[in-house]
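Pasting input-v7.txt here (compact mmCIF, C-alpha atoms):
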# COMPACT_ATOMS: atom_id res chain seq x y z
CA MET A 101 -39.89 12.83 16.47
CA PHE A 102 -38.87 9.28 17.30
CA GLU A 103 -40.45 5.86 17.54
CA LEU A 104 -40.93 4.32 20.99
CA THR A 105 -39.31 0.97 21.71
CA LYS A 106 -41.44 -2.03 22.68
CA ASP A 107 -40.39 -1.72 26.33
CA GLU A 108 -41.17 2.02 26.42
CA TYR A 109 -44.55 1.43 24.84
CA ASP A 110 -45.41 -1.37 27.28
CA ALA A 111 -44.37 0.78 30.24
CA LEU A 112 -46.39 3.71 28.95
CA ARG A 113 -49.39 1.57 28.15
CA CYS A 114 -49.49 -0.16 31.55
CA ASN A 115 -48.76 2.91 33.71
CA ILE A 116 -52.42 3.94 33.62
CA PHE A 117 -54.70 1.38 35.28
CA THR A 118 -58.48 1.34 35.32
CA SER A 119 -60.77 -0.98 37.18
CA ASN A 120 -63.00 -3.54 35.48
CA ASN A 121 -66.76 -3.12 35.58
CA ASP A 122 -66.97 -5.29 38.67
CA GLY A 123 -64.47 -2.95 40.36
CA ASP A 124 -62.22 -5.70 41.72
CA ALA A 125 -59.46 -6.26 39.19
CA LEU A 126 -57.20 -3.64 37.65
CA ARG A 127 -56.28 -3.75 33.98
CA CYS A 128 -54.34 -1.58 31.55
CA LYS A 129 -56.51 1.11 30.02
CA ASN A 130 -55.08 0.65 26.53
CA PHE A 131 -54.76 -3.13 26.71
CA THR A 132 -56.23 -4.99 23.78
CA SER A 133 -56.18 -8.72 23.24
CA ASN A 134 -54.88 -10.35 20.07
CA LYS A 135 -58.45 -11.36 19.15
CA ARG A 136 -59.69 -7.79 18.87
CA GLY A 137 -56.71 -6.34 17.05
CA GLY A 138 -54.43 -3.77 18.60
CA ASN A 139 -51.42 -1.73 17.58
CA ARG A 140 -49.42 -3.23 14.76
CA TYR A 141 -46.83 -0.42 14.80
CA LEU A 142 -45.07 1.26 17.67
CA PRO A 143 -46.21 4.87 18.26
CA PHE A 144 -44.12 7.97 17.66
CA ALA A 145 -43.29 10.65 20.24
CA PHE A 146 -42.11 14.24 19.91
CA THR A 147 -39.13 15.83 21.59
CA ARG A 148 -39.33 19.37 22.93
CA GLU A 149 -37.47 20.63 19.86
CA GLY A 150 -39.88 18.75 17.59
CA ILE A 151 -42.83 20.47 19.22
CA ALA A 152 -41.17 23.86 18.67
CA MET A 153 -40.62 23.07 14.98
CA LEU A 154 -44.20 21.88 14.62
CA SER A 155 -45.51 25.15 16.01
CA GLY A 156 -43.59 26.98 13.28
CA LEU A 157 -45.53 25.03 10.68
CA LEU A 158 -48.97 25.22 12.28
CA ARG A 159 -50.04 28.82 12.63
CA SER A 160 -53.58 28.54 13.92
CA GLU A 161 -54.46 29.97 17.32
CA ILE A 162 -55.36 26.52 18.69
CA ALA A 163 -52.03 25.04 17.51
CA VAL A 164 -50.08 27.89 19.13
CA GLN A 165 -51.95 27.48 22.45
CA ALA A 166 -51.44 23.70 22.34
CA ASN A 167 -47.73 24.24 21.65
CA ILE A 168 -47.43 26.64 24.61
CA ASN A 169 -49.15 24.15 26.91
CA ILE A 170 -46.96 21.28 25.68
CA MET A 171 -43.78 23.35 26.14
CA ARG A 172 -44.90 24.21 29.68
CA ALA A 173 -45.47 20.52 30.35
CA PHE A 174 -41.95 19.72 29.07
CA PHE A 175 -40.52 22.46 31.29
CA GLN A 176 -42.40 21.14 34.35
CA MET A 177 -41.24 17.59 33.62
CA GLN A 178 -37.65 18.85 33.36
CA GLU A 179 -37.98 20.64 36.71
CA ALA A 180 -39.49 17.51 38.27
CA LEU A 181 -36.61 15.40 36.96
CA LEU A 182 -34.10 17.86 38.41
CA ILE A 183 -35.85 17.71 41.77
CA VAL A 184 -35.92 13.92 41.65
CA SER A 185 -32.24 13.70 40.70
CA ASN A 186 -31.35 16.16 43.46
CA THR A 187 -33.43 14.16 45.93
CA GLN A 188 -31.73 10.96 44.83
CA LEU A 189 -28.33 12.58 45.31
CA GLN A 190 -29.31 13.71 48.80
CA LEU A 191 -30.67 10.24 49.55
CA GLU A 192 -27.37 8.65 48.47
CA GLN A 193 -25.46 11.11 50.68
CA ILE A 194 -27.70 10.26 53.63
CA ARG A 195 -27.21 6.54 53.00
CA ALA A 196 -23.43 7.04 52.90
CA GLU A 197 -23.55 9.01 56.16
CA ILE A 198 -25.68 6.34 57.84
CA LYS A 199 -23.27 3.64 56.66
CA GLN A 200 -20.31 5.63 58.05
CA LEU A 201 -22.15 6.20 61.36
CA ARG A 202 -22.87 2.48 61.66
CA THR A 203 -19.22 1.67 61.04
CA ASP A 204 -18.10 4.27 63.60
CA MET A 205 -20.66 3.01 66.12
CA ASN A 206 -19.52 -0.60 65.71
CA ASP A 207 -15.88 0.46 66.10
CA THR A 208 -16.72 2.46 69.22
CA LEU A 209 -18.64 -0.42 70.77
CA ALA A 210 -15.80 -2.83 69.99
CA ASP A 211 -13.28 -0.44 71.57
CA GLN A 212 -15.51 -0.01 74.61
CA ASN A 213 -15.82 -3.77 74.94
CA ASP A 214 -12.02 -4.08 74.80
CA ILE A 215 -11.67 -1.39 77.47
CA ASN A 216 -14.22 -3.14 79.67
CA GLU A 217 -12.33 -6.41 79.26
CA MET A 218 -9.03 -4.76 80.17
CA THR A 219 -10.63 -3.01 83.14
CA ARG A 220 -12.11 -6.29 84.34
CA VAL A 221 -8.68 -7.96 84.16
CA GLN A 222 -7.08 -5.09 86.08
CA LEU A 223 -9.78 -5.18 88.77
CA GLU A 224 -9.28 -8.92 89.18
CA ALA A 225 -5.52 -8.35 89.60
CA ILE A 226 -6.15 -5.70 92.25
CA SER A 227 -8.62 -7.97 94.03
CA ASP A 228 -6.12 -10.84 94.03
CA ALA A 229 -3.37 -8.59 95.42
CA LEU A 230 -5.68 -7.37 98.20
CA MET A 231 -6.61 -10.95 99.09
CA GLU A 232 -2.93 -11.89 99.37
CA LEU A 233 -2.24 -8.92 101.61
CA GLN A 234 -5.25 -9.76 103.75
CA ASN A 235 -4.06 -13.34 104.11
CA GLN A 236 -0.62 -12.16 105.24
CA GLY A 237 -2.19 -10.16 108.04
CA LYS A 238 -0.06 -7.11 107.48
CA ASN A 239 -1.37 -3.76 106.52
CA PRO A 240 1.12 -2.23 104.06
CA LEU A 241 -0.51 1.15 104.46
CA ALA A 242 0.04 1.29 108.25
CA LEU A 243 2.45 4.04 109.24
CA PRO A 244 4.92 3.63 112.07
CA GLU A 245 3.88 5.28 115.27
CA ILE A 246 5.80 8.32 116.34
CA GLY A 247 5.98 10.45 119.45
CA TYR A 248 6.25 9.86 123.22
CA THR A 249 3.67 7.06 123.38
CA ALA A 250 5.37 5.20 120.55
CA ILE A 251 8.70 5.33 122.34
CA GLN A 252 7.11 3.96 125.53
CA LYS A 253 5.48 1.07 123.63
CA ARG A 254 8.80 0.13 122.04
CA ARG A 255 10.51 0.14 125.42
CA GLU A 256 7.81 -2.05 126.91
CA GLU A 257 8.13 -4.53 124.03
CA GLU A 258 11.93 -4.62 124.49
CA GLU A 259 11.55 -5.30 128.21
CA LYS A 260 9.23 -8.24 127.54
CA LYS A 261 11.80 -9.89 125.36
Please lay out the structure from this file as structure tokens.
Amino acid sequence: MFELTKDEYDALRCNIFTSNNDGDALRCKNFTSNKRGGNRYLPFAFTREGIAMLSGLLRSEIAVQANINIMRAFFQMQEALLIVSNTQLQLEQIRAEIKQLRTDMNDTLADQNDINEMTRVQLEAISDALMELQNQGKNPLALPEIGYTAIQKRREEEEKK
């Protein structure tokens, strides 16, 4: 058995809300003003082990049934806390994965932007080179003519000169 702290008592006291008679405002169920009195001492609470010891002292059928129900409630609370802690662990893992995915996505987009910039520069260089070749009037990809007709054309050009 242990005594609750002021903060624990306030949290426990204000966790259960009830509505006023008019139904609009919510207030603490156990709230009492200073004018009407109230608790002068902090309440005590039992641990699971304390409940087990108490059942050894109280041997009535009602006390035994109450002890069994309280122990079941402690067990269910323990299971709920394990589920919550497991859920919180999974939530933290998911948050870490999302953070890593965001970082990877930003890196990928930055790399893609760099590639696009480099590609744009290369395409501009190719375009400039093509413009220069077009201005010169020569086609660098043109192959020399071969065969009988090519020989005749060369002879005709030599005769003109």
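Using all atoms listed in the file, the shortest contact distance between Phe175 in chain A and any of A:Leu230, A:Arg148, A:Ala210, A:Ala196 is found at A:Arg148.
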- Message: Applying 12 Å and all atoms listed in the file, which residues near Met101 in chain A remain after dropping the ones on its own chain fewer than 3 positions away? List them as a ChimeraX atom specification.
- Response: /A:104,143-154
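For the pair CA of Tyr141 in chain A and CA of Leu158 in chain A, the separation is 25.9 Å.
Our summary of the geometry notes that CA of Leu112 in chain A is positioned 16.6 Å from CA of Phe174 in chain A.
Between CA of Met231 in chain A and CA of Ile246 in chain A lies a distance of 28.7 Å.
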